[in-house]
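Down below is the structure, laid out as structure tokens.
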Amino acid sequence: MIRPGKSRIARASVRWSSSNQKRQLTSPIIKAEDKNLIPIRTNLKGSQLLNTPRLNKGAGFTREERAVFGIEGFLPYDVHSLEKQAMRAYSQLLKQPSVILKHAFLASLRDQNQVLFYRLMQDHLKDLLGILYTPGAAEAVAQYSSLFRRPIGCFISFPNSDGMRAQLESHLNDINRTADVAYHEHESTDAIDLVVVTDSEAILGIGDQGVGGITISTSKAALYTLGAGINPNRILPVVLDVGTDNHALFSDPLYMGWKRTRLRGRNYDDFIERFIQNCRDLFPKAIIHFEDFGMANAHRLMEKYKDIPMFNDDIQGTGAVALSALVAAIRVSGGSLKDQRIVIYGAGSAGMGIADQIRDGLMILEGLTKEEAQSRFWCVDRNGLLVESMGNALRHAQMGYARRDEEVRDWERANPEQDAVRLIDTIKAVKPTVLIGTSTHTRAFDEEIVKEMASHVERPIIFPMSNPTALCEVDPEDAMAWTDGRALVATGSPFNPVTLPSGKQYTVAQTNNALIYPALGLGAILARSRTISPSMLMAGVHALASLSPALSNPEASLLPDLADVREVSVTVAAAVVRQAVSDGNAQDEATIKVVNGEGELGLEDYIRSRMWDAVYRPLELVD
Ligand SMILES: NC(=O)c1ccc[n+]([C@@H]2O[C@H](COP(=O)([O-])OP(=O)(O)OC[C@H]3O[C@@H](n4cnc5c(N)ncnc54)[C@H](O)[C@@H]3O)[C@@H](O)[C@H]2O)c1
Ligand SMILES: O=C(O)C[C@H](O)C(=O)O
Ligand SMILES: [Mn+2]
């Protein structure tokens with residue numbers, strides 16, 4: 001992905017933060033109340049206003065607003081603060097007996113009162129992330145059609161594709177009618193900064209989910225707001241319904257999507273092209289976030305659209321978060337990135353995205369050639385270790401990583417009858433320092449594998465990154481028990497802290513792309529970057545790695561807590577913006593000025609000042 005000579009991150013200018021350079025997370029000094037929020041102007045009154053989630057305040061409407069907008073008779077008398085409303089909503093949520101019903105409660109709150117939904121989420125982010133996002137979102141996606149109440153997001157279905165432009169325009173008009181997209185003075189009035197789109201072929205680790213994939217787009221969209229303060233009214237979550245190869249959905253009478261096998265080939269490509277061109281026309285400033293596409297399409301589309309502001313979260317976001325965690329882990333284990341022997345189990349979008357990002361890190365930071373960098377990896381997929389003799393069976397993204405057959409010829413095999421070199425064979429022969437799981441293979445890193453790895457290295461670095469929780473390659477508690485607490489572990493889904501043999505608690509970092517993609521998006525939006533370049537990603541990696549708690553305390557988590565993502569995002573977005581400006585990729589004059597030291601605020605405060613907060617803005621009636 002790094003094109004030699006194109007990246008302007010000069011090797012000499014790149015320094016990983018060392019332990020004494022660890023950055024502190026600071027709390028925002030710019031409060032929502034000080035942001036000079038523009039009143040919302042609307043002509044909606046009465047029940048129409050109450051039924052418009054982007055404007056509704058429920059019991060939070062002031063006395064004056066109730067009189068002006070004709071809603072006194074629609075509401076009980078007392079006026080409640082947003083804080084009190086959030087407390088009530090939280091106690092209602094706690095009464096829901098399961099994760100899926102809690103998720104459904106949050107979805108319906110979002111669909112009633114947007115500000116209250118975000119305020120509740122912000123107040124209890126640590127508790128609620130696992131419900132709204134991974135792992136809760138997985139269940140919600142899978143049960144989409146049975147739990148459906150009211151649609152949220154944008155549905156572009158292939159059989160309706162003649163009207164695609166009109167469908168997108170309707171969303172734009174609807175946003176302009178039911179929301180005031182300019183949140184504060186600096187914001188432009190043309191909506192849509194960000195499109196989050198999935199075609200649902202590879203949702204998390206649960207595969208093809210058809211139209212239910214809309215919930216991954218809406219969850220990722222909510223994380224942009226919670227994690228980086230992107231105005232929710234300027235984000236469009238989209239599902240492209242191109243059919244499904246999940247035949248269980250066909251036989252479900254309640255399934256709500258298009259009951260056809262998945263569109264492939266030319267028709268698929270033309271459909272995606274029309275979607276991208278319509279987005280470029282209607283939302284010229286928007287960046288496009290691709291989520292959970294199948295591996296073959298994900299890589300192809302990323303390559304095809306690399307000259308527009310887009311990124312693939314599963315490939316690039318995941319690569320970036322994994323490299324950040326790896327850099328932190330190496331600080332603790334000692335040694336350098338170039339000394340690592342890295343086994344990746346599950347050579348799909350995420351696995352190969354991680355390989356590419358670490359490879360780029362080796363090239364930029366350690367000055368390795370591409371071939372030297374690729375020689376540090378052994379990738380194992382369903383059919384075993386990737387080797388050159390697999391030929392055409394190798395996917396394009398895997399090619400540079402296939403090992404020479406001679407290398408493995410004399411390896412000891414657990415099952416010599418089989419051609420494939422299994423994970424255990426690879427671990428025995430390679431003696432890896434790093435083992436990353438993106439396979440969706442539950443508990444694949446069993447006791448034998450983990451103990452074998454730990455018998456060769458002092459601090460085995462083990463990242464079981466598959467989501468949701470049930471698909472994780474190893475429970476961190478087991479990994480710690482099998483290594484006497486020596487492993488450095490980070491997982492994709494949230495896990496509780498582990499008690500080590502010493503009696504100390506070990507916090508397991510959540511190595512989830514949610515720790516970095518919101519800030520990548522924010523940085524790209526503020527800079528109005530022409531593309532999202534490899535050097536911007538690498539700048540984000542540096543910034544995130546510099547915030548690792550493990551830099552100052554080797555027993556601490558490898559990455560900041562996902563619940564602190566909003567402050568993490570300020571630092572990461574600042575790095576991304578700076579890189580976009582120094583690459584000549586930024587187009588936003590105001591932001592460029594700030595980076596050049598000509599603004600009223602420093603860059604981080606400027607970023608905070610541009611973030612959306614869950615507060616009620618005053619309402620003004622217009623005719
Ligand atoms: N932590 C994160 O931020 C993050 C980000 C993206 C994806 N993921 C997770 O990574 C996993 C893979 O996602 P993806 O988008 O790369 O999917 P993918 O389908 O592109 O890749 C999965 C790969 O694993 C391989 N595989 C499946 N079963 C296997 C087995 N038994 N042994 C070896 N290989 C096997 C498949 O052949 C495929 O190449 C999912 O669980 C997803 O949730 C995590
Ligand atoms: O959604 C997540 O939790 C991360 C990631 O994008 C995934 O596909 O698993
Ligand atoms: Mn994903």
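Labels for the structure tokens follow display order: chains A, B, ..., residues from 1 in each chain, ligands from 1.
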>> Within 9 Å of ligand 2 (counting only C-alpha atoms and all ligand atoms), which residues show up? I'd like them as a ChimeraX atom specification.
In response: /A:133-135,137-138,202-205,216,219-220,291-292,313-315,317-318,350,438,465-468,492-493,511-514
Store the residues picked out above in a file with C-alpha atoms, as an mmCIF file, in the first residue's frame.
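This is the output file part.cif:
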data_model
loop_
_atom_site.group_PDB
_atom_site.id
_atom_site.type_symbol
_atom_site.label_atom_id
_atom_site.label_comp_id
_atom_site.auth_asym_id
_atom_site.auth_seq_id
_atom_site.Cartn_x
_atom_site.Cartn_y
_atom_site.Cartn_z
ATOM 1 C CA TYR A 133 -21.280 -2.396 19.082
ATOM 2 C CA THR A 134 -19.268 -5.641 19.221
ATOM 3 C CA PRO A 135 -20.439 -8.185 20.391
ATOM 4 C CA ALA A 137 -24.296 -5.771 17.160
ATOM 5 C CA ALA A 138 -23.608 -9.291 15.855
ATOM 6 C CA ALA A 202 -18.644 -10.693 5.642
ATOM 7 C CA ILE A 203 -20.234 -9.201 8.723
ATOM 8 C CA LEU A 204 -17.830 -9.468 11.668
ATOM 9 C CA GLY A 205 -17.026 -13.191 11.773
ATOM 10 C CA ILE A 216 -23.284 -2.810 11.259
ATOM 11 C CA SER A 219 -23.414 0.873 14.754
ATOM 12 C CA LYS A 220 -20.186 1.981 13.092
ATOM 13 C CA GLU A 291 -17.287 -2.113 6.059
ATOM 14 C CA ASP A 292 -17.559 -5.888 6.050
ATOM 15 C CA ASP A 313 -12.082 -0.369 7.867
ATOM 16 C CA ASP A 314 -11.522 -4.142 8.027
ATOM 17 C CA ILE A 315 -8.293 -3.904 6.056
ATOM 18 C CA GLY A 317 -8.516 0.332 10.251
ATOM 19 C CA THR A 318 -7.751 -3.140 11.596
ATOM 20 C CA ALA A 350 -8.350 -8.353 8.361
ATOM 21 C CA THR A 438 -8.339 -13.219 12.354
ATOM 22 C CA MET A 465 -8.775 -10.515 17.093
ATOM 23 C CA SER A 466 -11.832 -12.363 15.763
ATOM 24 C CA ASN A 467 -15.245 -10.969 16.673
ATOM 25 C CA PRO A 468 -17.730 -11.417 18.171
ATOM 26 C CA GLY A 492 -10.964 -7.783 19.197
ATOM 27 C CA SER A 493 -13.981 -8.074 21.510
ATOM 28 C CA THR A 511 -7.626 -4.238 19.695
ATOM 29 C CA ASN A 512 -10.634 -3.178 17.740
ATOM 30 C CA ASN A 513 -10.581 -0.855 14.767
ATOM 31 C CA ALA A 514 -13.101 1.315 16.672
#
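Across A:Ile287, A:Cys472, A:Ala539, A:Ala140, the tightest approach to Thr218 of chain A is made by A:Ala140 when counting only C-alpha atoms.
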> Which residue, A:Asp111, A:Glu201, A:Glu589, A:Asp245, has the smallest gap to ligand 1 when you use only C-alpha atoms and all ligand atoms?
Replying inline: A:Glu201
>> Under the rule that only C-alpha atoms are counted, which of A:Ala402, A:Gln167, A:Arg413, A:Gln143 is the nearest residue to Leu254 of chain A?
In response: A:Gln143
> In Å, how far is it from atom CA of Met363 of chain A to atom CA of Leu337 of chain A?
Replying inline: 10.4 Å
Residues of segment 488-556 of chain A that approach segment 431-436 of chain A to 10 Å or less, counting only C-alpha atoms: could you list each one with the shortest pair of atoms and its distance in Å to one decimal, rows by chain and increasing residue number, as JSON lines?
{"residue": "A:Leu488", "atom": "CA", "partner": "A:Val434", "partner_atom": "CA", "distance": 9.4}
{"residue": "A:Val489", "atom": "CA", "partner": "A:Leu435", "partner_atom": "CA", "distance": 9.8}
{"residue": "A:Ala490", "atom": "CA", "partner": "A:Ile436", "partner_atom": "CA", "distance": 9.4}
{"residue": "A:Thr491", "atom": "CA", "partner": "A:Ile436", "partner_atom": "CA", "distance": 9.5}
> From the set A:Glu447, A:Asp241, A:Asp78, A:Asp180, which residue has the shortest atom-to-atom contact distance to Asp208 of chain A, counting only C-alpha atoms?
Replying inline: A:Asp241
>> Under the rule that only C-alpha atoms and all ligand atoms are counted, which of A:Glu473, A:Asp561, A:Asp281, A:Glu448 is the nearest residue to ligand 1?
In response: A:Glu473
> Got a sec: who's within 8 Å of Arg566 of chain A, counting only C-alpha atoms, leaving out chain neighbours fewer than 4 positions off, as a VMD selection string?
Replying inline: chain A and resid 226 to 229 570
Next, the residues of the selection above should be written as a JSON list (two decimals), in the first residue's frame with C-alpha atoms.
[["chain", "number", "residue", "atom", "x", "y", "z"],
["A", 226, "LEU", "CA", -19.41, 8.78, 20.22],
["A", 227, "GLY", "CA", -15.76, 8.21, 19.45],
["A", 228, "ALA", "CA", -14.86, 11.29, 17.46],
["A", 229, "GLY", "CA", -17.74, 13.74, 17.78],
["A", 570, "VAL", "CA", -8.34, 14.13, 19.50]]
> Of the candidates A:Thr244, A:Asn43, A:Thr178, A:Ser349, which shows the shortest atom-to-atom distance to ligand 3, using only C-alpha atoms and all ligand atoms?
Replying inline: A:Ser349
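In this structure, atom CA of Arg443 of chain A sits 22.9 Å away from atom CA of Leu559 of chain A.
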